[in-house]
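What follows is a short report on a single structure.
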Amino acid sequence: MNENDKPALSRRFLAPAAGSAAAFGALVFGARSASAQGADARATLAGTSMIEEVKRRNTLRVGMSTFVPWAFRNKTGELIGYEIDVANRLAQDLGVRAEFIPTAWDGIVPALLAGRFDAIIGGMSITPARNLSANFTAAYSATGVDMAASKRLADGMTTIEAYNRPNVTLTGRRGSSGITAVQRLMPRATIRQFDDDAQSILEVVNGRAHAMVGSVPRPLFASLDNPEALFRPFAQPLVRQADAMAVRKSDPDALNFLDNWIMLRQLDGWLEERQAYWFGAREWRDQVPG
Amino acid sequence: MLQFALFLGLLGWLLVDGARSMGYNWQWYRVPRYVVQVLDGEVFLGPLLKGLLVTLEISAYALVLTIVIGLVAAVLRLSASVAGRWLVVAYIEAIRNTPLLVQLYLVYFVLAPVLGLERFWAGVLCLAVFEGAFAAEIFRAGIQAVRLGQWESAWALGLTRAQAYRFIVLPQALRVILPPLAGLAVSLVKHSAIVSIIAIFDLTNEGRNVISDTFLTFEIWLTVAALYLCVTVTLSLGVGLLEKRLKGSAA
């Protein structure tokens, strides 16, 4: 080849070289294979998972409401309770700090969906209606719906039918599973919903309602605290329930982590020990204000 | 007009965009059955409309009681009695300077058991006492707006104080009183939402109950707000018409 050929040589290979470079670029950055797209999707899911956010932020934000004895304030104003212990232990095992965001119970699922906190750890029972909006972990606490009735107004009323009348007034906390249960079991009763358990108990103690509904063991504690005004009409819970943590939908990593954490804490007996402490003999009673 | 429309559009866009960014699932199709249902040709009021009726009922009773309390307090404050004046001033200052929620708790949990009041009337009483303090000031301003000459003519005619009030002063004071009283009525309807705390089945209470069952937060609250707006706008328009009629007939 003479010197005149060199520019022609490079020009001759320019077009094919550019063409193959373009084709290579298209292969790498354009038409990706299914496995590459799968890797993208996994990376996105993993990156946006609640667990990742918690690790990045170094704080586990927990939504709860005050429910004695699941989560409530002691005399010095600190939050204590069964679910507080659970959340603190979870945060410890994650290597982060737990931050509690008390929220009105009837707005707690919308608040979770709006991203105000990472999970609801507050004695929330699994119900299909809630499950349509949020995901639940495995259940870690078995409870039920129970009632505490007024000795004055509901004397002798110990069957479901006795309460299923229009002139019977039942009270409960708005948004609680107890309300849903009595709406189904006692549809003819008048149900007054309040913002928290203390008010619904006070209504019955004051003789303005026949009974209050709540989750086991709240009605039992209420009747023990007000023995002259309240009694428990039913020996067994009206409905059996299971409590779990609630997280936002489409987050498989968070669900897997939490399910396994629950399983491990059940295996080593920690959850059982905490339940016995908080729901049993009430050794913590002197910490409750009032 | 255009600027207003643009501003409203901006607000609407902010709302929708905010909802979208948190992935809110709008389900307006679920709302109508909570307002009204028509089954087999029969109309059934949904919980929201039933709540609206209760709200209107509470507001109506409370408004009548408010006007009575306000008028009595205003007249007492302008009377010669020192005890009466002090009583009214104490009442007005105490009520205007404590939160309505605290007053409601006091009335319902402390006063109502003592007086044997049931839930509904405890709510009416609390609202009336609260708004009555504001009404008293409105009535007093209206009465004091009537020229002294009118009082003097009343004395000259030999009318008693009560007759002077009834025939001379109050009809004239009405013109000054009506616009702020309309505002008070609207304020009363809005404040009536607080009785949901003591589980009276008013509009706000029913709204909260529906939301706790369905999680339709945005849709139900917007509907409840729209229903309140219907009531308050109608009230304002009605009082505006009344004012126009009075303006024509007064001296």
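A note on labels: chains of the structure tokens are A, B, ... as shown, every chain counts residues from 1, and ligands are counted from 1 in their shown order.
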
With the cut-off set at 6 Å and counting only C-alpha atoms, tabulate each residue of chain A with an atom at most that distance from an atom of chain B, showing the nearest atom pair and its distance in Å to one decimal, ordered by chain and increasing number, as JSON lines.
```
{"residue": "A:Asp106", "atom": "CA", "partner": "B:Ser212", "partner_atom": "CA", "distance": 5.2}
{"residue": "A:Ala114", "atom": "CA", "partner": "B:Met22", "partner_atom": "CA", "distance": 5.8}
{"residue": "A:Gly175", "atom": "CA", "partner": "B:Ser212", "partner_atom": "CA", "distance": 4.9}
{"residue": "A:Arg192", "atom": "CA", "partner": "B:Ala199", "partner_atom": "CA", "distance": 5.5}
{"residue": "A:Gln193", "atom": "CA", "partner": "B:Ala199", "partner_atom": "CA", "distance": 5.9}
```

Export C-alpha atoms of the chosen residues as an mmCIF file, in the first residue's frame?
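Below you can see result.cif, which holds the result:
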```
data_model
loop_
_atom_site.group_PDB
_atom_site.id
_atom_site.type_symbol
_atom_site.label_atom_id
_atom_site.label_comp_id
_atom_site.auth_asym_id
_atom_site.auth_seq_id
_atom_site.Cartn_x
_atom_site.Cartn_y
_atom_site.Cartn_z
ATOM 1 C CA ASP A 106 -58.599 5.806 63.014
ATOM 2 C CA ALA A 114 -48.670 8.631 53.302
ATOM 3 C CA GLY A 175 -61.060 2.371 63.974
ATOM 4 C CA ARG A 192 -70.904 5.337 69.764
ATOM 5 C CA GLN A 193 -67.299 5.646 68.682
#
```

Using DSSP on the backbone coordinates, identify all residues within segment 38-174 of chain B classified as strand (DSSP E or B); present the result as a VMD selection string. chain B and resid 38 to 39 42 to 45

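Using only C-alpha atoms, the shortest contact distance between Ile69 of chain B and any of B:Leu39, B:Leu48, B:Leu115, B:Ile138 is found at B:Ile138.
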
Compile the contact shell of Val62 of chain A as a short mmCIF file (atom, residue, chain, number, x, y, z; two decimals) with N, CA and C atoms, in the first residue's frame: residues with an atom at most 10 Å away, counting only C-alpha atoms, same-chain residues fewer than 2 positions apart removed.
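What ended up in out.cif:
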```cif
data_model
loop_
_atom_site.label_atom_id
_atom_site.label_comp_id
_atom_site.auth_asym_id
_atom_site.auth_seq_id
_atom_site.Cartn_x
_atom_site.Cartn_y
_atom_site.Cartn_z
N THR A 59 -32.82 5.34 61.72
CA THR A 59 -33.93 5.43 62.66
C THR A 59 -35.08 4.59 62.14
N LEU A 60 -35.72 3.87 63.06
CA LEU A 60 -36.94 3.14 62.69
C LEU A 60 -38.12 3.96 63.20
N MET A 64 -47.90 4.37 66.24
CA MET A 64 -48.71 3.68 67.23
C MET A 64 -49.71 4.66 67.82
N GLU A 83 -45.92 -3.17 72.86
CA GLU A 83 -45.48 -2.84 71.50
C GLU A 83 -44.26 -1.93 71.50
N ILE A 84 -44.12 -1.12 72.56
CA ILE A 84 -42.92 -0.28 72.67
C ILE A 84 -41.70 -1.18 72.83
N ALA A 87 -40.97 -2.82 69.45
CA ALA A 87 -40.35 -1.90 68.50
C ALA A 87 -38.91 -1.58 68.88
N ASN A 88 -38.67 -1.40 70.18
CA ASN A 88 -37.30 -1.10 70.62
C ASN A 88 -36.37 -2.28 70.35
N ALA A 91 -35.64 -2.41 66.64
CA ALA A 91 -34.67 -1.39 66.25
C ALA A 91 -33.27 -1.79 66.69
N ALA A 98 -35.15 3.56 67.62
CA ALA A 98 -36.59 3.61 67.35
C ALA A 98 -37.14 4.98 67.67
N GLU A 99 -37.99 5.48 66.77
CA GLU A 99 -38.64 6.76 67.02
C GLU A 99 -40.15 6.53 66.94
N PHE A 100 -40.89 6.97 67.95
CA PHE A 100 -42.32 6.69 67.99
C PHE A 100 -43.13 7.90 67.58
N ILE A 101 -44.11 7.65 66.75
CA ILE A 101 -44.97 8.73 66.26
C ILE A 101 -46.41 8.41 66.64
N PRO A 102 -46.86 8.88 67.80
CA PRO A 102 -48.24 8.61 68.20
C PRO A 102 -49.21 9.25 67.21
N THR A 103 -50.17 8.46 66.76
CA THR A 103 -51.11 8.90 65.74
C THR A 103 -52.51 8.45 66.14
N LEU A 112 -49.75 5.68 57.48
CA LEU A 112 -48.71 4.76 57.02
C LEU A 112 -48.54 4.87 55.52
N ARG A 116 -45.68 8.60 56.72
CA ARG A 116 -45.26 9.29 57.94
C ARG A 116 -44.37 8.44 58.83
N PHE A 117 -44.51 7.11 58.70
CA PHE A 117 -43.63 6.23 59.47
C PHE A 117 -43.42 4.95 58.67
N ASP A 118 -42.52 4.09 59.20
CA ASP A 118 -42.13 2.91 58.44
C ASP A 118 -43.08 1.74 58.66
N ALA A 119 -43.57 1.60 59.88
CA ALA A 119 -44.43 0.46 60.18
C ALA A 119 -45.36 0.83 61.32
N ILE A 120 -46.48 0.13 61.38
CA ILE A 120 -47.37 0.28 62.52
C ILE A 120 -47.09 -0.87 63.47
N ILE A 121 -46.55 -0.53 64.64
CA ILE A 121 -46.33 -1.57 65.65
C ILE A 121 -47.10 -1.11 66.87
N GLY A 122 -48.38 -1.46 66.93
CA GLY A 122 -49.19 -0.91 68.00
C GLY A 122 -50.36 -1.76 68.38
N MET A 245 -47.56 -6.57 62.63
CA MET A 245 -47.09 -5.25 62.22
C MET A 245 -47.62 -4.96 60.82
#
```

Just give me the gap between atom CA of Pro289 of chain A and atom CA of Gly77 of chain A in Å, one decimal is fine.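 Straight-line distance from atom CA of Pro289 of chain A to atom CA of Gly77 of chain A works out to 8.9 Å.
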
Can you measure atom CA of Phe221 of chain A to atom CA of Val109 of chain A for me? One decimal in Å is fine. 26.7 Å

Sel. of helix (DSSP H, G or I) residues, segment 9-248 of chain A, as a tab-separated table (two decimals) with N, CA and C atoms, in the first residue's frame:
```tsv
chain	number	residue	atom	x	y	z
A	9	LEU	N	-7.89	4.09	3.76
A	9	LEU	CA	-8.04	2.91	4.62
A	9	LEU	C	-8.91	3.25	5.84
A	10	SER	N	-8.50	4.35	6.49
A	10	SER	CA	-9.26	4.71	7.70
A	10	SER	C	-10.69	5.08	7.33
A	11	ARG	N	-10.84	5.77	6.18
A	11	ARG	CA	-12.21	6.15	5.79
A	11	ARG	C	-13.00	4.91	5.44
A	12	ARG	N	-12.31	3.90	4.87
A	12	ARG	CA	-13.03	2.70	4.47
A	12	ARG	C	-13.55	1.96	5.69
A	13	PHE	N	-12.74	1.99	6.78
A	13	PHE	CA	-13.20	1.27	7.96
A	13	PHE	C	-14.07	2.11	8.88
A	14	LEU	N	-14.17	3.43	8.53
A	14	LEU	CA	-14.90	4.33	9.43
A	14	LEU	C	-16.37	3.93	9.56
A	15	ALA	N	-16.98	3.76	8.38
A	15	ALA	CA	-18.42	3.48	8.42
A	15	ALA	C	-18.73	2.16	9.14
A	16	PRO	N	-18.06	1.04	8.76
A	16	PRO	CA	-18.37	-0.21	9.47
A	16	PRO	C	-18.05	-0.11	10.97
A	17	ALA	N	-16.92	0.58	11.28
A	17	ALA	CA	-16.55	0.70	12.70
A	17	ALA	C	-17.63	1.47	13.46
A	18	ALA	N	-18.07	2.58	12.83
A	18	ALA	CA	-19.12	3.37	13.49
A	18	ALA	C	-20.39	2.54	13.63
A	19	GLY	N	-20.68	1.78	12.56
A	19	GLY	CA	-21.90	0.98	12.59
A	19	GLY	C	-21.85	-0.06	13.69
A	20	SER	N	-20.72	-0.75	13.84
A	20	SER	CA	-20.65	-1.78	14.88
A	20	SER	C	-20.60	-1.16	16.26
A	21	ALA	N	-19.99	0.03	16.37
A	21	ALA	CA	-20.00	0.72	17.66
A	21	ALA	C	-21.42	1.07	18.04
A	22	ALA	N	-22.17	1.54	17.05
A	22	ALA	CA	-23.57	1.90	17.31
A	22	ALA	C	-24.38	0.66	17.71
A	23	ALA	N	-24.12	-0.43	17.00
A	23	ALA	CA	-24.86	-1.65	17.31
A	23	ALA	C	-24.52	-2.15	18.71
A	24	PHE	N	-23.23	-2.09	19.06
A	24	PHE	CA	-22.81	-2.51	20.39
A	24	PHE	C	-23.46	-1.64	21.46
A	25	GLY	N	-23.45	-0.30	21.20
A	25	GLY	CA	-24.07	0.63	22.14
A	25	GLY	C	-25.56	0.33	22.32
A	26	ALA	N	-26.21	0.05	21.19
A	26	ALA	CA	-27.65	-0.25	21.26
A	26	ALA	C	-27.89	-1.51	22.07
A	27	LEU	N	-26.99	-2.48	21.91
A	27	LEU	CA	-27.16	-3.73	22.64
A	27	LEU	C	-27.02	-3.51	24.14
A	28	VAL	N	-25.98	-2.74	24.48
A	28	VAL	CA	-25.70	-2.55	25.90
A	28	VAL	C	-26.72	-1.63	26.56
A	29	PHE	N	-26.99	-0.49	25.91
A	29	PHE	CA	-27.81	0.52	26.61
A	29	PHE	C	-29.26	0.55	26.15
A	30	GLY	N	-29.59	-0.06	25.04
A	30	GLY	CA	-30.95	0.05	24.51
A	30	GLY	C	-31.74	-1.22	24.76
A	34	ALA	N	-33.86	-9.76	29.16
A	34	ALA	CA	-34.84	-9.89	30.24
A	34	ALA	C	-34.14	-9.95	31.59
A	35	SER	N	-33.02	-10.63	31.67
A	35	SER	CA	-32.34	-10.74	32.96
A	35	SER	C	-31.80	-9.39	33.40
A	36	ALA	N	-31.38	-8.58	32.42
A	36	ALA	CA	-30.88	-7.26	32.78
A	36	ALA	C	-32.02	-6.41	33.33
A	37	GLN	N	-33.17	-6.50	32.68
A	37	GLN	CA	-34.32	-5.73	33.17
A	37	GLN	C	-34.75	-6.23	34.54
A	38	GLY	N	-34.66	-7.56	34.72
A	38	GLY	CA	-35.00	-8.12	36.03
A	38	GLY	C	-34.08	-7.57	37.10
A	39	ALA	N	-32.80	-7.46	36.76
A	39	ALA	CA	-31.84	-6.94	37.73
A	39	ALA	C	-32.17	-5.50	38.09
A	40	ASP	N	-32.61	-4.72	37.07
A	40	ASP	CA	-33.02	-3.34	37.32
A	40	ASP	C	-34.17	-3.29	38.32
A	41	ALA	N	-35.18	-4.13	38.05
A	41	ALA	CA	-36.38	-4.11	38.91
A	41	ALA	C	-36.02	-4.49	40.34
A	42	ARG	N	-35.15	-5.51	40.46
A	42	ARG	CA	-34.76	-5.94	41.81
A	42	ARG	C	-34.01	-4.84	42.53
A	43	ALA	N	-33.11	-4.18	41.78
A	43	ALA	CA	-32.32	-3.11	42.39
A	43	ALA	C	-33.24	-1.99	42.88
A	44	THR	N	-34.26	-1.68	42.07
A	44	THR	CA	-35.20	-0.62	42.47
A	44	THR	C	-35.96	-1.02	43.72
A	45	LEU	N	-36.48	-2.25	43.71
A	45	LEU	CA	-37.24	-2.71	44.87
A	45	LEU	C	-36.37	-2.71	46.12
A	46	ALA	N	-35.14	-3.24	45.98
A	46	ALA	CA	-34.26	-3.31	47.14
A	46	ALA	C	-33.91	-1.92	47.63
A	47	GLY	N	-33.65	-1.02	46.69
A	47	GLY	CA	-33.24	0.32	47.08
A	47	GLY	C	-34.35	1.11	47.76
A	48	THR	N	-35.61	0.83	47.36
A	48	THR	CA	-36.71	1.61	47.94
A	48	THR	C	-37.39	0.86	49.09
A	50	MET	N	-38.37	-0.52	52.71
A	50	MET	CA	-38.42	0.16	54.00
A	50	MET	C	-37.18	-0.13	54.81
A	51	ILE	N	-36.68	-1.36	54.73
A	51	ILE	CA	-35.50	-1.74	55.51
A	51	ILE	C	-34.29	-0.91	55.09
A	52	GLU	N	-34.14	-0.73	53.76
A	52	GLU	CA	-33.04	0.09	53.27
A	52	GLU	C	-33.14	1.51	53.79
A	53	GLU	N	-34.36	2.06	53.72
A	53	GLU	CA	-34.56	3.45	54.18
A	53	GLU	C	-34.22	3.57	55.65
A	54	VAL	N	-34.63	2.54	56.43
A	54	VAL	CA	-34.36	2.59	57.87
A	54	VAL	C	-32.86	2.58	58.13
A	55	LYS	N	-32.13	1.72	57.40
A	55	LYS	CA	-30.68	1.63	57.60
A	55	LYS	C	-30.01	2.93	57.21
A	56	ARG	N	-30.51	3.52	56.10
A	56	ARG	CA	-29.91	4.77	55.62
A	56	ARG	C	-30.15	5.88	56.62
A	57	ARG	N	-31.38	5.93	57.14
A	57	ARG	CA	-31.78	7.00	58.04
A	57	ARG	C	-31.29	6.75	59.46
A	82	TYR	N	-46.12	-3.12	75.72
A	82	TYR	CA	-45.70	-4.31	75.00
A	82	TYR	C	-45.15	-3.96	73.62
A	83	GLU	N	-45.92	-3.17	72.86
A	83	GLU	CA	-45.48	-2.84	71.50
A	83	GLU	C	-44.26	-1.93	71.50
A	84	ILE	N	-44.12	-1.12	72.56
A	84	ILE	CA	-42.92	-0.28	72.67
A	84	ILE	C	-41.70	-1.18	72.83
A	85	ASP	N	-41.85	-2.21	73.67
A	85	ASP	CA	-40.73	-3.15	73.84
A	85	ASP	C	-40.40	-3.84	72.52
A	86	VAL	N	-41.45	-4.29	71.82
A	86	VAL	CA	-41.24	-4.98	70.54
A	86	VAL	C	-40.50	-4.07	69.56
A	87	ALA	N	-40.97	-2.82	69.45
A	87	ALA	CA	-40.35	-1.90	68.50
A	87	ALA	C	-38.91	-1.58	68.88
A	88	ASN	N	-38.67	-1.40	70.18
A	88	ASN	CA	-37.30	-1.10	70.62
A	88	ASN	C	-36.37	-2.28	70.35
A	89	ARG	N	-36.87	-3.50	70.59
A	89	ARG	CA	-36.04	-4.68	70.33
A	89	ARG	C	-35.76	-4.83	68.83
A	90	LEU	N	-36.78	-4.56	68.01
A	90	LEU	CA	-36.60	-4.62	66.56
A	90	LEU	C	-35.55	-3.63	66.10
A	91	ALA	N	-35.64	-2.41	66.64
A	91	ALA	CA	-34.67	-1.39	66.25
A	91	ALA	C	-33.27	-1.79	66.69
A	92	GLN	N	-33.19	-2.37	67.88
A	92	GLN	CA	-31.89	-2.81	68.38
A	92	GLN	C	-31.30	-3.88	67.47
A	93	ASP	N	-32.14	-4.82	67.05
A	93	ASP	CA	-31.65	-5.89	66.17
A	93	ASP	C	-31.29	-5.36	64.80
A	94	LEU	N	-31.91	-4.27	64.38
A	94	LEU	CA	-31.57	-3.64	63.11
A	94	LEU	C	-30.33	-2.77	63.24
A	105	TRP	N	-55.75	6.56	66.09
A	105	TRP	CA	-55.89	5.19	65.60
A	105	TRP	C	-56.71	5.10	64.32
A	106	ASP	N	-57.76	5.94	64.20
A	106	ASP	CA	-58.60	5.81	63.01
A	106	ASP	C	-57.94	6.39	61.79
A	107	GLY	N	-56.80	7.08	61.95
A	107	GLY	CA	-56.11	7.62	60.78
A	107	GLY	C	-54.74	7.00	60.60
A	108	ILE	N	-54.49	5.88	61.31
A	108	ILE	CA	-53.11	5.39	61.32
A	108	ILE	C	-52.74	4.68	60.02
A	109	VAL	N	-53.68	3.98	59.40
A	109	VAL	CA	-53.35	3.32	58.13
A	109	VAL	C	-53.15	4.36	57.02
A	110	PRO	N	-54.04	5.36	56.88
A	110	PRO	CA	-53.73	6.41	55.90
A	110	PRO	C	-52.40	7.08	56.17
A	111	ALA	N	-52.04	7.26	57.46
A	111	ALA	CA	-50.76	7.90	57.75
A	111	ALA	C	-49.60	7.02	57.32
A	112	LEU	N	-49.75	5.68	57.48
A	112	LEU	CA	-48.71	4.76	57.02
A	112	LEU	C	-48.54	4.87	55.52
A	113	LEU	N	-49.69	4.89	54.80
A	113	LEU	CA	-49.64	4.96	53.35
A	113	LEU	C	-49.06	6.28	52.87
A	128	PRO	N	-59.30	-8.22	56.94
A	128	PRO	CA	-59.25	-8.13	55.48
A	128	PRO	C	-59.35	-6.70	54.98
A	129	ALA	N	-60.19	-5.89	55.63
A	129	ALA	CA	-60.34	-4.50	55.17
A	129	ALA	C	-59.01	-3.76	55.25
A	130	ARG	N	-58.29	-3.94	56.38
A	130	ARG	CA	-56.99	-3.27	56.50
A	130	ARG	C	-56.00	-3.87	55.52
A	131	ASN	N	-56.10	-5.18	55.30
A	131	ASN	CA	-55.15	-5.86	54.44
A	131	ASN	C	-55.24	-5.40	53.00
A	132	LEU	N	-56.40	-4.86	52.62
A	132	LEU	CA	-56.52	-4.35	51.26
A	132	LEU	C	-55.65	-3.12	51.06
A	133	SER	N	-55.39	-2.38	52.14
A	133	SER	CA	-54.62	-1.15	52.00
A	133	SER	C	-53.16	-1.30	52.41
A	160	ILE	N	-75.07	-12.52	73.33
A	160	ILE	CA	-74.93	-11.57	72.22
A	160	ILE	C	-76.29	-10.99	71.86
A	161	GLU	N	-77.32	-11.81	71.89
A	161	GLU	CA	-78.65	-11.34	71.53
A	161	GLU	C	-79.14	-10.25	72.47
A	162	ALA	N	-78.74	-10.35	73.73
A	162	ALA	CA	-79.19	-9.35	74.70
A	162	ALA	C	-78.69	-7.96	74.33
A	163	TYR	N	-77.52	-7.88	73.68
A	163	TYR	CA	-76.97	-6.59	73.31
A	163	TYR	C	-77.39	-6.16	71.93
A	177	SER	N	-60.68	-2.89	65.82
A	177	SER	CA	-61.32	-4.09	65.28
A	177	SER	C	-62.52	-4.48	66.14
A	178	GLY	N	-62.56	-4.04	67.39
A	178	GLY	CA	-63.70	-4.32	68.24
A	178	GLY	C	-64.97	-3.72	67.67
A	179	ILE	N	-64.88	-2.51	67.14
A	179	ILE	CA	-66.05	-1.85	66.55
A	179	ILE	C	-66.55	-2.65	65.37
A	180	THR	N	-65.64	-3.08	64.50
A	180	THR	CA	-66.04	-3.87	63.34
A	180	THR	C	-66.73	-5.15	63.79
A	181	ALA	N	-66.20	-5.77	64.85
A	181	ALA	CA	-66.78	-7.03	65.33
A	181	ALA	C	-68.20	-6.82	65.82
A	182	VAL	N	-68.45	-5.77	66.63
A	182	VAL	CA	-69.81	-5.59	67.13
A	182	VAL	C	-70.75	-5.07	66.06
A	183	GLN	N	-70.22	-4.38	65.05
A	183	GLN	CA	-71.10	-3.98	63.95
A	183	GLN	C	-71.64	-5.22	63.24
A	184	ARG	N	-70.82	-6.26	63.22
A	184	ARG	CA	-71.25	-7.49	62.56
A	184	ARG	C	-72.12	-8.35	63.49
A	185	LEU	N	-71.73	-8.46	64.76
A	185	LEU	CA	-72.42	-9.37	65.67
A	185	LEU	C	-73.69	-8.77	66.27
A	197	ASP	N	-59.80	4.58	74.27
A	197	ASP	CA	-60.44	3.61	75.17
A	197	ASP	C	-60.90	4.25	76.46
A	198	ALA	N	-60.10	5.17	77.01
A	198	ALA	CA	-60.44	5.76	78.31
A	198	ALA	C	-61.81	6.42	78.25
A	199	GLN	N	-62.10	7.13	77.16
A	199	GLN	CA	-63.40	7.80	77.05
A	199	GLN	C	-64.52	6.80	76.93
A	200	SER	N	-64.30	5.72	76.14
A	200	SER	CA	-65.39	4.75	75.99
A	200	SER	C	-65.65	4.02	77.30
A	201	ILE	N	-64.59	3.80	78.10
A	201	ILE	CA	-64.81	3.17	79.40
A	201	ILE	C	-65.56	4.12	80.32
A	202	LEU	N	-65.17	5.41	80.27
A	202	LEU	CA	-65.82	6.41	81.13
A	202	LEU	C	-67.31	6.51	80.84
A	203	GLU	N	-67.70	6.38	79.57
A	203	GLU	CA	-69.11	6.43	79.20
A	203	GLU	C	-69.88	5.34	79.91
A	204	VAL	N	-69.29	4.12	79.97
A	204	VAL	CA	-69.99	3.01	80.60
A	204	VAL	C	-70.02	3.21	82.11
A	205	VAL	N	-68.89	3.64	82.67
A	205	VAL	CA	-68.83	3.86	84.12
A	205	VAL	C	-69.85	4.92	84.54
A	218	ARG	N	-57.91	-5.36	77.60
A	218	ARG	CA	-58.34	-4.04	78.07
A	218	ARG	C	-59.65	-4.06	78.86
A	219	PRO	N	-60.70	-4.76	78.35
A	219	PRO	CA	-61.94	-4.77	79.13
A	219	PRO	C	-61.77	-5.45	80.49
A	220	LEU	N	-60.92	-6.46	80.54
A	220	LEU	CA	-60.66	-7.11	81.83
A	220	LEU	C	-60.03	-6.12	82.80
A	221	PHE	N	-58.99	-5.39	82.31
A	221	PHE	CA	-58.34	-4.40	83.17
A	221	PHE	C	-59.36	-3.34	83.62
A	222	ALA	N	-60.23	-2.93	82.69
A	222	ALA	CA	-61.22	-1.90	83.02
A	222	ALA	C	-62.14	-2.39	84.13
A	223	SER	N	-62.57	-3.66	84.02
A	223	SER	CA	-63.48	-4.17	85.05
A	223	SER	C	-62.76	-4.38	86.37
A	224	LEU	N	-61.46	-4.68	86.32
A	224	LEU	CA	-60.69	-4.81	87.57
A	224	LEU	C	-60.48	-3.45	88.21
A	225	ASP	N	-60.33	-2.41	87.37
A	225	ASP	CA	-60.11	-1.07	87.91
A	225	ASP	C	-61.39	-0.44	88.43
```

Pick the closest to Thr234 of chain B from B:Ile95, B:Leu246, B:Val186, B:Val129: which is it, counting only C-alpha atoms?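 Closest to Thr234 of chain B of all the choices is B:Val186.
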
Separation of atom CA of Pro69 of chain A from atom CA of Asp268 of chain A, in Å and rounded to one decimal: 22.5 Å

Neighbouring residues of segment 168-180 of chain B were defined as those with any atom within 12 Å, considering only C-alpha atoms; residues of the same chain fewer than 5 positions away were excluded. Please report them as a VMD selection string. chain B and resid 67 70 to 71 74 to 75 134 to 155 157 159 to 163 185 to 187 235 to 251

When you count only C-alpha atoms, which of these residues is closest to Arg240 of chain A: A:Arg208, A:Ser49, A:Gly144, A:Gly123?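 Among the listed residues, A:Gly144 lies closest to Arg240 of chain A.
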
Residue nearest Ser79 of chain B - candidates B:Arg20, B:Cys126, B:Leu56, B:Tyr165, atoms counted: only C-alpha atoms: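 That would be B:Tyr165, the residue with the smallest distance to Ser79 of chain B.
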